[in-house]
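Okay, upload-v9.cif is below, mmCIF, N, CA and C atoms:
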```cif
data_final
#
loop_
_atom_site.group_PDB
_atom_site.id
_atom_site.type_symbol
_atom_site.label_atom_id
_atom_site.label_comp_id
_atom_site.auth_asym_id
_atom_site.auth_seq_id
_atom_site.Cartn_x
_atom_site.Cartn_y
_atom_site.Cartn_z
ATOM 1 N N LYS X 1 -21.704 -0.412 -14.900
ATOM 2 C CA LYS X 1 -20.843 0.326 -13.991
ATOM 3 C C LYS X 1 -20.172 1.448 -14.761
ATOM 4 N N GLU X 2 -20.224 2.638 -14.199
ATOM 5 C CA GLU X 2 -19.582 3.779 -14.831
ATOM 6 C C GLU X 2 -18.079 3.740 -14.581
ATOM 7 N N HIS X 3 -17.331 4.245 -15.542
ATOM 8 C CA HIS X 3 -15.879 4.304 -15.396
ATOM 9 C C HIS X 3 -15.501 5.667 -14.848
ATOM 10 N N LYS X 4 -15.348 5.721 -13.545
ATOM 11 C CA LYS X 4 -14.988 6.961 -12.873
ATOM 12 C C LYS X 4 -13.857 6.689 -11.902
ATOM 13 N N SER X 5 -13.035 7.685 -11.732
ATOM 14 C CA SER X 5 -11.979 7.612 -10.731
ATOM 15 C C SER X 5 -12.238 8.681 -9.686
ATOM 16 N N THR X 6 -11.986 8.313 -8.452
ATOM 17 C CA THR X 6 -12.117 9.250 -7.351
ATOM 18 C C THR X 6 -10.834 9.198 -6.551
ATOM 19 N N LEU X 7 -10.293 10.338 -6.270
ATOM 20 C CA LEU X 7 -9.096 10.419 -5.433
ATOM 21 C C LEU X 7 -9.547 10.797 -4.035
ATOM 22 N N MET X 8 -9.192 9.950 -3.080
ATOM 23 C CA MET X 8 -9.558 10.221 -1.696
ATOM 24 C C MET X 8 -8.329 9.983 -0.836
ATOM 25 N N ILE X 9 -7.954 10.971 -0.108
ATOM 26 C CA ILE X 9 -6.841 10.842 0.822
ATOM 27 C C ILE X 9 -7.458 10.697 2.202
ATOM 28 N N THR X 10 -7.116 9.601 2.869
ATOM 29 C CA THR X 10 -7.745 9.342 4.153
ATOM 30 C C THR X 10 -6.782 8.654 5.102
ATOM 31 N N HIS X 11 -6.990 8.898 6.361
ATOM 32 C CA HIS X 11 -6.296 8.157 7.406
ATOM 33 C C HIS X 11 -7.292 7.259 8.131
ATOM 34 N N ARG X 12 -8.515 7.234 7.614
ATOM 35 C CA ARG X 12 -9.541 6.331 8.149
ATOM 36 C C ARG X 12 -9.379 5.010 7.416
ATOM 37 N N THR X 13 -8.482 4.192 7.896
ATOM 38 C CA THR X 13 -8.091 2.983 7.173
ATOM 39 C C THR X 13 -9.238 2.000 6.960
ATOM 40 N N GLU X 14 -10.254 2.061 7.796
ATOM 41 C CA GLU X 14 -11.379 1.129 7.633
ATOM 42 C C GLU X 14 -12.162 1.394 6.343
ATOM 43 N N ASP X 15 -12.005 2.588 5.749
ATOM 44 C CA ASP X 15 -12.691 2.911 4.494
ATOM 45 C C ASP X 15 -12.092 2.204 3.280
ATOM 46 N N ALA X 16 -10.866 1.741 3.384
ATOM 47 C CA ALA X 16 -10.137 1.226 2.228
ATOM 48 C C ALA X 16 -10.830 0.067 1.526
ATOM 49 N N LEU X 17 -11.499 -0.793 2.250
ATOM 50 C CA LEU X 17 -12.124 -1.965 1.629
ATOM 51 C C LEU X 17 -13.316 -1.611 0.748
ATOM 52 N N SER X 18 -13.780 -0.382 0.800
ATOM 53 C CA SER X 18 -14.925 0.010 -0.023
ATOM 54 C C SER X 18 -14.507 0.452 -1.423
ATOM 55 N N PHE X 19 -13.206 0.488 -1.714
ATOM 56 C CA PHE X 19 -12.717 0.931 -3.016
ATOM 57 C C PHE X 19 -12.332 -0.244 -3.900
ATOM 58 N N ASP X 20 -12.358 -0.007 -5.215
ATOM 59 C CA ASP X 20 -11.918 -1.035 -6.161
ATOM 60 C C ASP X 20 -10.412 -1.219 -6.087
ATOM 61 N N ASN X 21 -9.678 -0.114 -6.021
ATOM 62 C CA ASN X 21 -8.215 -0.125 -5.939
ATOM 63 C C ASN X 21 -7.751 0.917 -4.929
ATOM 64 N N VAL X 22 -6.591 0.667 -4.362
ATOM 65 C CA VAL X 22 -5.990 1.612 -3.436
ATOM 66 C C VAL X 22 -4.544 1.867 -3.848
ATOM 67 N N LEU X 23 -4.076 3.071 -3.584
ATOM 68 C CA LEU X 23 -2.694 3.455 -3.787
ATOM 69 C C LEU X 23 -2.137 3.787 -2.408
ATOM 70 N N ILE X 24 -1.093 3.073 -2.020
ATOM 71 C CA ILE X 24 -0.501 3.297 -0.711
ATOM 72 C C ILE X 24 0.881 3.905 -0.912
ATOM 73 N N LEU X 25 1.059 5.091 -0.350
ATOM 74 C CA LEU X 25 2.328 5.798 -0.429
ATOM 75 C C LEU X 25 3.029 5.705 0.914
ATOM 76 N N ALA X 26 4.357 5.664 0.861
ATOM 77 C CA ALA X 26 5.138 5.616 2.092
ATOM 78 C C ALA X 26 6.402 6.434 1.906
ATOM 79 N N LYS X 27 6.914 6.970 3.003
ATOM 80 C CA LYS X 27 8.183 7.698 2.968
ATOM 81 C C LYS X 27 9.325 6.695 3.089
ATOM 82 N N ASP X 28 10.260 6.746 2.121
ATOM 83 C CA ASP X 28 11.426 5.884 2.234
ATOM 84 C C ASP X 28 12.395 6.457 3.275
ATOM 85 N N SER X 29 13.534 5.803 3.460
ATOM 86 C CA SER X 29 14.471 6.230 4.496
ATOM 87 C C SER X 29 15.091 7.604 4.219
ATOM 88 N N HIS X 30 14.909 8.107 2.994
ATOM 89 C CA HIS X 30 15.383 9.452 2.651
ATOM 90 C C HIS X 30 14.272 10.498 2.811
ATOM 91 N N GLY X 31 13.083 10.054 3.218
ATOM 92 C CA GLY X 31 11.962 10.965 3.395
ATOM 93 C C GLY X 31 11.208 11.276 2.117
ATOM 94 N N THR X 32 11.481 10.506 1.060
ATOM 95 C CA THR X 32 10.838 10.710 -0.233
ATOM 96 C C THR X 32 9.599 9.818 -0.332
ATOM 97 N N GLY X 33 8.489 10.379 -0.770
ATOM 98 C CA GLY X 33 7.273 9.597 -0.946
ATOM 99 C C GLY X 33 7.408 8.636 -2.117
ATOM 100 N N GLN X 34 7.075 7.380 -1.884
ATOM 101 C CA GLN X 34 7.177 6.325 -2.898
ATOM 102 C C GLN X 34 5.912 5.477 -2.878
ATOM 103 N N VAL X 35 5.643 4.834 -4.002
ATOM 104 C CA VAL X 35 4.527 3.888 -4.054
ATOM 105 C C VAL X 35 4.954 2.608 -3.335
ATOM 106 N N ALA X 36 4.183 2.229 -2.338
ATOM 107 C CA ALA X 36 4.435 0.982 -1.620
ATOM 108 C C ALA X 36 3.480 -0.113 -2.086
ATOM 109 N N TYR X 37 2.372 0.295 -2.730
ATOM 110 C CA TYR X 37 1.410 -0.698 -3.231
ATOM 111 C C TYR X 37 0.352 0.001 -4.082
ATOM 112 N N TYR X 38 -0.073 -0.674 -5.131
ATOM 113 C CA TYR X 38 -1.260 -0.265 -5.884
ATOM 114 C C TYR X 38 -1.982 -1.525 -6.330
ATOM 115 N N GLY X 39 -3.264 -1.599 -6.065
ATOM 116 C CA GLY X 39 -4.071 -2.746 -6.463
ATOM 117 C C GLY X 39 -5.315 -2.822 -5.613
ATOM 118 N N THR X 40 -5.922 -3.986 -5.600
ATOM 119 C CA THR X 40 -7.159 -4.136 -4.845
ATOM 120 C C THR X 40 -6.869 -4.131 -3.337
ATOM 121 N N PRO X 41 -7.833 -3.688 -2.554
ATOM 122 C CA PRO X 41 -7.637 -3.685 -1.102
ATOM 123 C C PRO X 41 -7.387 -5.094 -0.545
ATOM 124 N N GLU X 42 -8.093 -6.071 -1.092
ATOM 125 C CA GLU X 42 -7.930 -7.442 -0.610
ATOM 126 C C GLU X 42 -6.509 -7.952 -0.879
ATOM 127 N N GLU X 43 -5.986 -7.651 -2.062
ATOM 128 C CA GLU X 43 -4.619 -8.064 -2.382
ATOM 129 C C GLU X 43 -3.597 -7.301 -1.548
ATOM 130 N N ALA X 44 -3.924 -6.080 -1.151
ATOM 131 C CA ALA X 44 -3.020 -5.306 -0.293
ATOM 132 C C ALA X 44 -2.823 -6.004 1.050
ATOM 133 N N LEU X 45 -3.900 -6.512 1.613
ATOM 134 C CA LEU X 45 -3.791 -7.216 2.894
ATOM 135 C C LEU X 45 -2.857 -8.412 2.764
ATOM 136 N N ASP X 46 -2.964 -9.117 1.651
ATOM 137 C CA ASP X 46 -2.093 -10.267 1.404
ATOM 138 C C ASP X 46 -0.648 -9.811 1.181
ATOM 139 N N PHE X 47 -0.458 -8.753 0.378
ATOM 140 C CA PHE X 47 0.869 -8.241 0.063
ATOM 141 C C PHE X 47 1.641 -7.872 1.333
ATOM 142 N N PHE X 48 0.949 -7.237 2.278
ATOM 143 C CA PHE X 48 1.580 -6.828 3.533
ATOM 144 C C PHE X 48 1.471 -7.897 4.627
ATOM 145 N N ASN X 49 0.776 -8.993 4.324
ATOM 146 C CA ASN X 49 0.588 -10.103 5.259
ATOM 147 C C ASN X 49 -0.015 -9.630 6.585
ATOM 148 N N VAL X 50 -1.151 -8.923 6.446
ATOM 149 C CA VAL X 50 -1.848 -8.381 7.614
ATOM 150 C C VAL X 50 -3.345 -8.653 7.485
ATOM 151 N N GLU X 51 -4.086 -8.340 8.544
ATOM 152 C CA GLU X 51 -5.528 -8.559 8.558
ATOM 153 C C GLU X 51 -6.337 -7.297 8.305
ATOM 154 N N ASN X 52 -5.710 -6.101 8.474
ATOM 155 C CA ASN X 52 -6.453 -4.860 8.267
ATOM 156 C C ASN X 52 -5.496 -3.742 7.856
ATOM 157 N N PHE X 53 -6.055 -2.652 7.393
ATOM 158 C CA PHE X 53 -5.255 -1.549 6.880
ATOM 159 C C PHE X 53 -4.523 -0.777 7.974
ATOM 160 N N ARG X 54 -5.022 -0.802 9.161
ATOM 161 C CA ARG X 54 -4.313 -0.162 10.277
ATOM 162 C C ARG X 54 -2.948 -0.840 10.473
ATOM 163 N N GLN X 55 -2.920 -2.156 10.299
ATOM 164 C CA GLN X 55 -1.664 -2.899 10.428
ATOM 165 C C GLN X 55 -0.696 -2.554 9.282
ATOM 166 N N ILE X 56 -1.226 -2.249 8.093
ATOM 167 C CA ILE X 56 -0.365 -1.811 6.989
ATOM 168 C C ILE X 56 0.335 -0.516 7.376
ATOM 169 N N MET X 57 -0.425 0.427 7.886
ATOM 170 C CA MET X 57 0.161 1.703 8.278
ATOM 171 C C MET X 57 1.222 1.503 9.357
ATOM 172 N N LYS X 58 0.971 0.586 10.281
ATOM 173 C CA LYS X 58 1.956 0.309 11.332
ATOM 174 C C LYS X 58 3.237 -0.249 10.716
ATOM 175 N N ARG X 59 3.114 -1.127 9.719
ATOM 176 C CA ARG X 59 4.306 -1.679 9.060
ATOM 177 C C ARG X 59 5.123 -0.571 8.391
ATOM 178 N N LEU X 60 4.441 0.400 7.779
ATOM 179 C CA LEU X 60 5.122 1.423 6.997
ATOM 180 C C LEU X 60 5.637 2.597 7.822
ATOM 181 N N ASN X 61 4.937 2.958 8.874
ATOM 182 C CA ASN X 61 5.351 4.111 9.681
ATOM 183 C C ASN X 61 6.699 3.851 10.348
ATOM 184 N N THR X 62 7.447 4.937 10.547
ATOM 185 C CA THR X 62 8.747 4.821 11.212
ATOM 186 C C THR X 62 8.554 4.470 12.682
ATOM 187 N N GLU X 63 9.635 4.051 13.296
ATOM 188 C CA GLU X 63 9.580 3.751 14.728
ATOM 189 C C GLU X 63 9.231 5.001 15.523
ATOM 190 N N ALA X 64 9.693 6.171 15.046
ATOM 191 C CA ALA X 64 9.351 7.435 15.708
ATOM 192 C C ALA X 64 7.852 7.717 15.627
ATOM 193 N N GLU X 65 7.193 7.127 14.617
ATOM 194 C CA GLU X 65 5.740 7.264 14.446
ATOM 195 C C GLU X 65 5.010 6.046 15.017
ATOM 196 N N TYR X 66 5.713 5.307 15.898
ATOM 197 C CA TYR X 66 5.170 4.118 16.558
ATOM 198 C C TYR X 66 4.856 2.996 15.568
ATOM 199 N N GLY X 67 5.643 2.924 14.503
ATOM 200 C CA GLY X 67 5.485 1.873 13.506
ATOM 201 C C GLY X 67 6.671 0.925 13.517
ATOM 202 N N GLU X 68 6.708 0.075 12.513
ATOM 203 C CA GLU X 68 7.757 -0.936 12.402
ATOM 204 C C GLU X 68 8.920 -0.488 11.516
ATOM 205 N N GLY X 69 8.759 0.621 10.796
ATOM 206 C CA GLY X 69 9.841 1.145 9.969
ATOM 207 C C GLY X 69 10.213 0.272 8.792
ATOM 208 N N GLN X 70 9.230 -0.395 8.172
ATOM 209 C CA GLN X 70 9.505 -1.309 7.064
ATOM 210 C C GLN X 70 9.171 -0.723 5.697
ATOM 211 N N ALA X 71 9.053 0.589 5.599
ATOM 212 C CA ALA X 71 8.653 1.213 4.327
ATOM 213 C C ALA X 71 9.606 0.851 3.193
ATOM 214 N N ASP X 72 10.911 0.950 3.414
ATOM 215 C CA ASP X 72 11.872 0.639 2.346
ATOM 216 C C ASP X 72 11.682 -0.786 1.829
ATOM 217 N N PHE X 73 11.474 -1.720 2.738
ATOM 218 C CA PHE X 73 11.266 -3.115 2.337
ATOM 219 C C PHE X 73 10.062 -3.247 1.415
ATOM 220 N N TYR X 74 8.941 -2.648 1.799
ATOM 221 C CA TYR X 74 7.726 -2.793 0.999
ATOM 222 C C TYR X 74 7.768 -1.986 -0.292
ATOM 223 N N ILE X 75 8.453 -0.864 -0.293
ATOM 224 C CA ILE X 75 8.631 -0.102 -1.535
ATOM 225 C C ILE X 75 9.403 -0.956 -2.535
ATOM 226 N N GLU X 76 10.469 -1.587 -2.091
ATOM 227 C CA GLU X 76 11.259 -2.458 -2.980
ATOM 228 C C GLU X 76 10.471 -3.698 -3.389
ATOM 229 N N LYS X 77 9.725 -4.266 -2.463
ATOM 230 C CA LYS X 77 8.899 -5.445 -2.770
ATOM 231 C C LYS X 77 7.896 -5.108 -3.867
ATOM 232 N N TYR X 78 7.286 -3.930 -3.769
ATOM 233 C CA TYR X 78 6.314 -3.530 -4.788
ATOM 234 C C TYR X 78 7.007 -3.302 -6.133
ATOM 235 N N LYS X 79 8.190 -2.695 -6.131
ATOM 236 C CA LYS X 79 8.937 -2.498 -7.381
ATOM 237 C C LYS X 79 9.225 -3.836 -8.041
ATOM 238 N N GLU X 80 9.616 -4.817 -7.266
ATOM 239 C CA GLU X 80 9.893 -6.154 -7.798
ATOM 240 C C GLU X 80 8.623 -6.795 -8.353
ATOM 241 N N LYS X 81 7.529 -6.593 -7.658
ATOM 242 C CA LYS X 81 6.244 -7.127 -8.138
ATOM 243 C C LYS X 81 5.904 -6.513 -9.493
ATOM 244 N N ARG X 82 6.100 -5.210 -9.631
ATOM 245 C CA ARG X 82 5.817 -4.511 -10.900
ATOM 246 C C ARG X 82 6.733 -5.008 -12.018
ATOM 247 N N LYS X 83 7.999 -5.244 -11.700
ATOM 248 C CA LYS X 83 8.936 -5.769 -12.703
ATOM 249 C C LYS X 83 8.455 -7.114 -13.203
ATOM 250 N N GLY X 84 8.015 -7.950 -12.288
ATOM 251 C CA GLY X 84 7.505 -9.278 -12.653
ATOM 252 C C GLY X 84 6.299 -9.184 -13.562
ATOM 253 N N LYS X 85 5.401 -8.253 -13.264
ATOM 254 C CA LYS X 85 4.205 -8.058 -14.116
ATOM 255 C C LYS X 85 4.594 -7.589 -15.498
ATOM 256 N N ASN X 86 5.575 -6.691 -15.595
ATOM 257 C CA ASN X 86 6.002 -6.177 -16.893
ATOM 258 C C ASN X 86 6.620 -7.267 -17.748
ATOM 259 N N HIS X 87 7.290 -8.240 -17.131
ATOM 260 C CA HIS X 87 7.877 -9.331 -17.889
ATOM 261 C C HIS X 87 6.825 -10.315 -18.387
ATOM 262 N N GLU X 88 5.681 -10.358 -17.693
ATOM 263 C CA GLU X 88 4.590 -11.249 -18.106
ATOM 264 C C GLU X 88 3.824 -10.682 -19.293
ATOM 265 N N ASP X 89 3.834 -9.360 -19.481
ATOM 266 C CA ASP X 89 3.071 -8.713 -20.546
ATOM 267 C C ASP X 89 3.653 -8.991 -21.920
#
```
What would the structure in this file look like if it were written as C-alpha coordinates?
Amino acid sequence: KEHKSTLMITHRTEDALSFDNVLILAKDSHGTGQVAYYGTPEEALDFFNVENFRQIMKRLNTEAEYGEGQADFYIEKYKEKRKGKNHED
(Lines of atoms letter the chains of each structure in order from A and count residues from 1; the text may use other names and numbers.)
(Lines give C-alpha, C1' and ligand atoms only; values in the text may rest on other atoms or scores of the structure.)
Protein backbone atom coordinates (compact mmCIF):
# COMPACT_ATOMS: atom_id res chain seq x y z
CA LYS A 1 0.00 0.00 0.00
CA GLU A 2 1.34 3.39 -0.96
CA HIS A 3 1.51 6.11 1.67
CA LYS A 4 -0.52 8.90 0.16
CA SER A 5 -2.86 11.47 1.56
CA THR A 6 -5.80 12.89 -0.30
CA LEU A 7 -7.82 15.85 0.85
CA MET A 8 -11.43 15.67 -0.23
CA ILE A 9 -14.11 18.06 0.89
CA THR A 10 -17.53 16.58 0.37
CA HIS A 11 -21.11 16.83 1.46
CA ARG A 12 -21.77 13.41 -0.07
CA THR A 13 -21.68 11.69 3.30
CA GLU A 14 -22.07 8.21 1.82
CA ASP A 15 -18.50 8.52 0.45
CA ALA A 16 -16.96 8.68 3.93
CA LEU A 17 -16.76 4.93 4.50
CA SER A 18 -14.40 4.54 1.54
CA PHE A 19 -11.59 6.43 3.33
CA ASP A 20 -9.03 5.21 5.85
CA ASN A 21 -9.54 8.28 8.06
CA VAL A 22 -11.92 11.21 8.12
CA LEU A 23 -11.64 14.70 9.59
CA ILE A 24 -14.94 16.20 10.66
CA LEU A 25 -15.08 19.94 11.22
CA ALA A 26 -17.93 21.77 12.90
CA LYS A 27 -18.76 25.37 13.74
CA ASP A 28 -18.82 25.99 17.48
CA SER A 29 -21.35 28.36 19.07
CA HIS A 30 -19.03 31.28 18.22
CA GLY A 31 -19.01 30.32 14.53
CA THR A 32 -15.39 29.14 14.65
CA GLY A 33 -14.46 25.97 12.78
CA GLN A 34 -13.20 23.25 15.14
CA VAL A 35 -12.22 19.61 14.87
CA ALA A 36 -15.15 17.50 16.02
CA TYR A 37 -13.53 14.16 15.11
CA TYR A 38 -10.52 12.60 13.42
CA GLY A 39 -10.09 8.87 12.92
CA THR A 40 -11.54 5.95 11.06
CA PRO A 41 -15.03 6.27 9.57
CA GLU A 42 -16.21 3.23 11.53
CA GLU A 43 -15.04 4.73 14.82
CA ALA A 44 -16.73 8.02 13.89
CA LEU A 45 -20.11 6.29 13.74
CA ASP A 46 -19.48 4.92 17.23
CA PHE A 47 -18.16 8.27 18.55
CA PHE A 48 -21.34 10.06 17.45
CA ASN A 49 -23.54 7.04 18.30
CA VAL A 50 -25.17 6.98 14.87
CA GLU A 51 -25.65 4.57 11.96
CA ASN A 52 -24.51 6.80 9.07
CA PHE A 53 -22.66 10.00 8.28
CA ARG A 54 -25.81 11.91 7.38
CA GLN A 55 -26.84 11.51 11.03
CA ILE A 56 -23.45 12.92 12.13
CA MET A 57 -24.07 16.05 10.10
CA LYS A 58 -27.55 16.34 11.62
CA ARG A 59 -26.04 16.15 15.13
CA LEU A 60 -23.53 18.90 14.33
CA ASN A 61 -25.63 21.30 12.26
CA THR A 62 -27.41 24.12 14.06
CA GLU A 63 -31.15 24.08 14.56
CA ALA A 64 -31.34 26.84 11.92
CA GLU A 65 -29.68 24.31 9.56
CA TYR A 66 -32.28 21.69 10.57
CA GLY A 67 -29.81 19.95 12.86
CA GLU A 68 -29.59 19.16 16.55
CA GLY A 69 -27.08 21.90 17.42
CA GLN A 70 -24.70 19.60 19.31
CA ALA A 71 -21.43 20.79 17.75
CA ASP A 72 -20.03 22.26 20.99
CA PHE A 73 -20.69 18.99 22.82
CA TYR A 74 -18.87 16.88 20.23
CA ILE A 75 -15.99 19.34 19.85
CA GLU A 76 -15.40 19.10 23.61
CA LYS A 77 -15.89 15.32 23.59
CA TYR A 78 -13.22 15.00 20.92
CA LYS A 79 -10.83 17.27 22.86
CA GLU A 80 -11.27 15.05 25.91
CA LYS A 81 -10.67 11.95 23.81
CA ARG A 82 -7.41 13.49 22.51
CA LYS A 83 -6.31 14.38 26.06
CA GLY A 84 -6.87 10.78 27.10
CA LYS A 85 -4.78 9.50 24.18
CA ASN A 86 -1.94 11.89 25.02
CA HIS A 87 -1.84 10.59 28.59
CA GLU A 88 -1.59 7.01 27.31
CA ASP A 89 1.48 7.81 25.17
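For the file at hand, the PyMOL selection byres ((chain X and resi 34-42) around 6.5) resolves to X:Ala16, X:Leu17, X:Phe19, X:Asp20, X:Asn21, X:Val22, X:Leu23, X:Ile24, X:Leu25, X:Ala26, X:Lys27, X:Asp28, X:Thr32, X:Gly33, X:Glu43, X:Ala44, X:Leu45, X:Asp46, X:Phe47, X:Tyr74, X:Ile75, X:Tyr78.
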Task: Distance in Å - CA of Ala64 (chain X) versus CA of His30 (chain X) - done: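 A separation of 14.5 Å between them.
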TODO: Tell me which residues the PyMOL selection byres (((chain X and resi 53-55 and name CA) around 10) and name CA) grabs here, as a VMD selection string.
DONE: chain X and resid 11 to 17 41 to 42 44 to 45 48 to 52 56 to 61 67 to 68
Within chain X, find each residue whose DSSP state, derived from the backbone, is alpha helix (DSSP H), and express the selection as a short mmCIF file (atom, residue, chain, number, x, y, z; two decimals) with N, CA and C atoms, in the frame of the given file.
```
data_model
loop_
_atom_site.label_atom_id
_atom_site.label_comp_id
_atom_site.auth_asym_id
_atom_site.auth_seq_id
_atom_site.Cartn_x
_atom_site.Cartn_y
_atom_site.Cartn_z
N PRO X 41 -7.83 -3.69 -2.55
CA PRO X 41 -7.64 -3.68 -1.10
C PRO X 41 -7.39 -5.09 -0.55
N GLU X 42 -8.09 -6.07 -1.09
CA GLU X 42 -7.93 -7.44 -0.61
C GLU X 42 -6.51 -7.95 -0.88
N GLU X 43 -5.99 -7.65 -2.06
CA GLU X 43 -4.62 -8.06 -2.38
C GLU X 43 -3.60 -7.30 -1.55
N ALA X 44 -3.92 -6.08 -1.15
CA ALA X 44 -3.02 -5.31 -0.29
C ALA X 44 -2.82 -6.00 1.05
N LEU X 45 -3.90 -6.51 1.61
CA LEU X 45 -3.79 -7.22 2.89
C LEU X 45 -2.86 -8.41 2.76
N ASP X 46 -2.96 -9.12 1.65
CA ASP X 46 -2.09 -10.27 1.40
C ASP X 46 -0.65 -9.81 1.18
N PHE X 47 -0.46 -8.75 0.38
CA PHE X 47 0.87 -8.24 0.06
C PHE X 47 1.64 -7.87 1.33
N PHE X 48 0.95 -7.24 2.28
CA PHE X 48 1.58 -6.83 3.53
C PHE X 48 1.47 -7.90 4.63
N PHE X 53 -6.06 -2.65 7.39
CA PHE X 53 -5.26 -1.55 6.88
C PHE X 53 -4.52 -0.78 7.97
N ARG X 54 -5.02 -0.80 9.16
CA ARG X 54 -4.31 -0.16 10.28
C ARG X 54 -2.95 -0.84 10.47
N GLN X 55 -2.92 -2.16 10.30
CA GLN X 55 -1.66 -2.90 10.43
C GLN X 55 -0.70 -2.55 9.28
N ILE X 56 -1.23 -2.25 8.09
CA ILE X 56 -0.36 -1.81 6.99
C ILE X 56 0.34 -0.52 7.38
N MET X 57 -0.42 0.43 7.89
CA MET X 57 0.16 1.70 8.28
C MET X 57 1.22 1.50 9.36
N LYS X 58 0.97 0.59 10.28
CA LYS X 58 1.96 0.31 11.33
C LYS X 58 3.24 -0.25 10.72
N ARG X 59 3.11 -1.13 9.72
CA ARG X 59 4.31 -1.68 9.06
C ARG X 59 5.12 -0.57 8.39
N LEU X 60 4.44 0.40 7.78
CA LEU X 60 5.12 1.42 7.00
C LEU X 60 5.64 2.60 7.82
N ALA X 71 9.05 0.59 5.60
CA ALA X 71 8.65 1.21 4.33
C ALA X 71 9.61 0.85 3.19
N ASP X 72 10.91 0.95 3.41
CA ASP X 72 11.87 0.64 2.35
C ASP X 72 11.68 -0.79 1.83
N PHE X 73 11.47 -1.72 2.74
CA PHE X 73 11.27 -3.12 2.34
C PHE X 73 10.06 -3.25 1.42
N TYR X 74 8.94 -2.65 1.80
CA TYR X 74 7.73 -2.79 1.00
C TYR X 74 7.77 -1.99 -0.29
N ILE X 75 8.45 -0.86 -0.29
CA ILE X 75 8.63 -0.10 -1.54
C ILE X 75 9.40 -0.96 -2.54
N GLU X 76 10.47 -1.59 -2.09
CA GLU X 76 11.26 -2.46 -2.98
C GLU X 76 10.47 -3.70 -3.39
N LYS X 77 9.72 -4.27 -2.46
CA LYS X 77 8.90 -5.44 -2.77
C LYS X 77 7.90 -5.11 -3.87
N TYR X 78 7.29 -3.93 -3.77
CA TYR X 78 6.31 -3.53 -4.79
C TYR X 78 7.01 -3.30 -6.13
N LYS X 79 8.19 -2.70 -6.13
CA LYS X 79 8.94 -2.50 -7.38
C LYS X 79 9.22 -3.84 -8.04
N GLU X 80 9.62 -4.82 -7.27
CA GLU X 80 9.89 -6.15 -7.80
C GLU X 80 8.62 -6.80 -8.35
N LYS X 81 7.53 -6.59 -7.66
CA LYS X 81 6.24 -7.13 -8.14
C LYS X 81 5.90 -6.51 -9.49
N ARG X 82 6.10 -5.21 -9.63
CA ARG X 82 5.82 -4.51 -10.90
C ARG X 82 6.73 -5.01 -12.02
N LYS X 83 8.00 -5.24 -11.70
CA LYS X 83 8.94 -5.77 -12.70
C LYS X 83 8.46 -7.11 -13.20
N GLY X 84 8.02 -7.95 -12.29
CA GLY X 84 7.50 -9.28 -12.65
C GLY X 84 6.30 -9.18 -13.56
N LYS X 85 5.40 -8.25 -13.26
CA LYS X 85 4.20 -8.06 -14.12
C LYS X 85 4.59 -7.59 -15.50
N ASN X 86 5.58 -6.69 -15.60
CA ASN X 86 6.00 -6.18 -16.89
C ASN X 86 6.62 -7.27 -17.75
N HIS X 87 7.29 -8.24 -17.13
CA HIS X 87 7.88 -9.33 -17.89
C HIS X 87 6.82 -10.32 -18.39
N GLU X 88 5.68 -10.36 -17.69
CA GLU X 88 4.59 -11.25 -18.11
C GLU X 88 3.82 -10.68 -19.29
#
```
TODO: Please report, as a ChimeraX atom specification, each residue of chain X to which DSSP assigns strand (DSSP E or B) when run on this structure's backbone.
DONE: /X:22-27,33-39
Where is the centre and how long are the edges: axis-aligned box on region 7-10 of chain X, 4 Å on each side, Å to one decimal, as lines of an AutoDock Vina configuration file:
```
center_x = -8.5
center_y = 9.8
center_z = -0.6
size_x = 11.5
size_y = 10.3
size_z = 19.4
```
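From atom C of Gly31 (chain X) back to CA of Gln70 (chain X), the distance works out to 13.6 Å.
Closest approach to Glu76 (chain X) among X:Ser29, X:Ser5, X:Ser18, X:Thr10: X:Ser29, based on only C-alpha atoms.
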Open item on the list: As an exercise, work out the distance from CA of Glu80 (chain X) to CA of Leu7 (chain X) in Å and give it to one decimal place.
Closed with: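 These two atoms are separated by 25.3 Å.
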Got a minute to add all heavy atoms to region 19-25 of chain X and dump it as a short mmCIF file (atom, residue, chain, number, x, y, z; two decimals), in the coordinates of the input?
```cif
data_model
loop_
_atom_site.label_atom_id
_atom_site.label_comp_id
_atom_site.auth_asym_id
_atom_site.auth_seq_id
_atom_site.Cartn_x
_atom_site.Cartn_y
_atom_site.Cartn_z
N PHE X 19 -13.21 0.49 -1.71
CA PHE X 19 -12.72 0.93 -3.02
C PHE X 19 -12.33 -0.24 -3.90
O PHE X 19 -12.00 -1.33 -3.41
CB PHE X 19 -11.52 1.87 -2.84
CG PHE X 19 -11.87 3.13 -2.11
CD1 PHE X 19 -11.49 3.31 -0.80
CD2 PHE X 19 -12.61 4.11 -2.73
CE1 PHE X 19 -11.83 4.47 -0.12
CE2 PHE X 19 -12.96 5.27 -2.06
CZ PHE X 19 -12.57 5.45 -0.75
N ASP X 20 -12.36 -0.01 -5.22
CA ASP X 20 -11.92 -1.03 -6.16
C ASP X 20 -10.41 -1.22 -6.09
O ASP X 20 -9.91 -2.34 -6.14
CB ASP X 20 -12.30 -0.66 -7.60
CG ASP X 20 -13.80 -0.63 -7.81
OD1 ASP X 20 -14.52 -1.39 -7.13
OD2 ASP X 20 -14.26 0.14 -8.67
N ASN X 21 -9.68 -0.11 -6.02
CA ASN X 21 -8.22 -0.12 -5.94
C ASN X 21 -7.75 0.92 -4.93
O ASN X 21 -8.44 1.91 -4.71
CB ASN X 21 -7.58 0.20 -7.30
CG ASN X 21 -7.76 -0.94 -8.28
OD1 ASN X 21 -7.23 -2.02 -8.09
ND2 ASN X 21 -8.51 -0.69 -9.33
N VAL X 22 -6.59 0.67 -4.36
CA VAL X 22 -5.99 1.61 -3.44
C VAL X 22 -4.54 1.87 -3.85
O VAL X 22 -3.88 0.99 -4.40
CB VAL X 22 -6.04 1.12 -1.97
CG1 VAL X 22 -7.46 1.02 -1.47
CG2 VAL X 22 -5.32 -0.22 -1.82
N LEU X 23 -4.08 3.07 -3.58
CA LEU X 23 -2.69 3.46 -3.79
C LEU X 23 -2.14 3.79 -2.41
O LEU X 23 -2.67 4.66 -1.72
CB LEU X 23 -2.59 4.68 -4.70
CG LEU X 23 -1.21 5.29 -4.86
CD1 LEU X 23 -0.27 4.34 -5.58
CD2 LEU X 23 -1.31 6.61 -5.61
N ILE X 24 -1.09 3.07 -2.02
CA ILE X 24 -0.50 3.30 -0.71
C ILE X 24 0.88 3.90 -0.91
O ILE X 24 1.73 3.32 -1.59
CB ILE X 24 -0.41 1.98 0.09
CG1 ILE X 24 -1.83 1.42 0.31
CG2 ILE X 24 0.31 2.21 1.42
CD1 ILE X 24 -1.86 0.06 0.95
N LEU X 25 1.06 5.09 -0.35
CA LEU X 25 2.33 5.80 -0.43
C LEU X 25 3.03 5.70 0.91
O LEU X 25 2.38 5.68 1.96
CB LEU X 25 2.10 7.27 -0.79
CG LEU X 25 1.37 7.53 -2.09
CD1 LEU X 25 1.06 9.02 -2.23
CD2 LEU X 25 2.20 7.04 -3.27
#
```
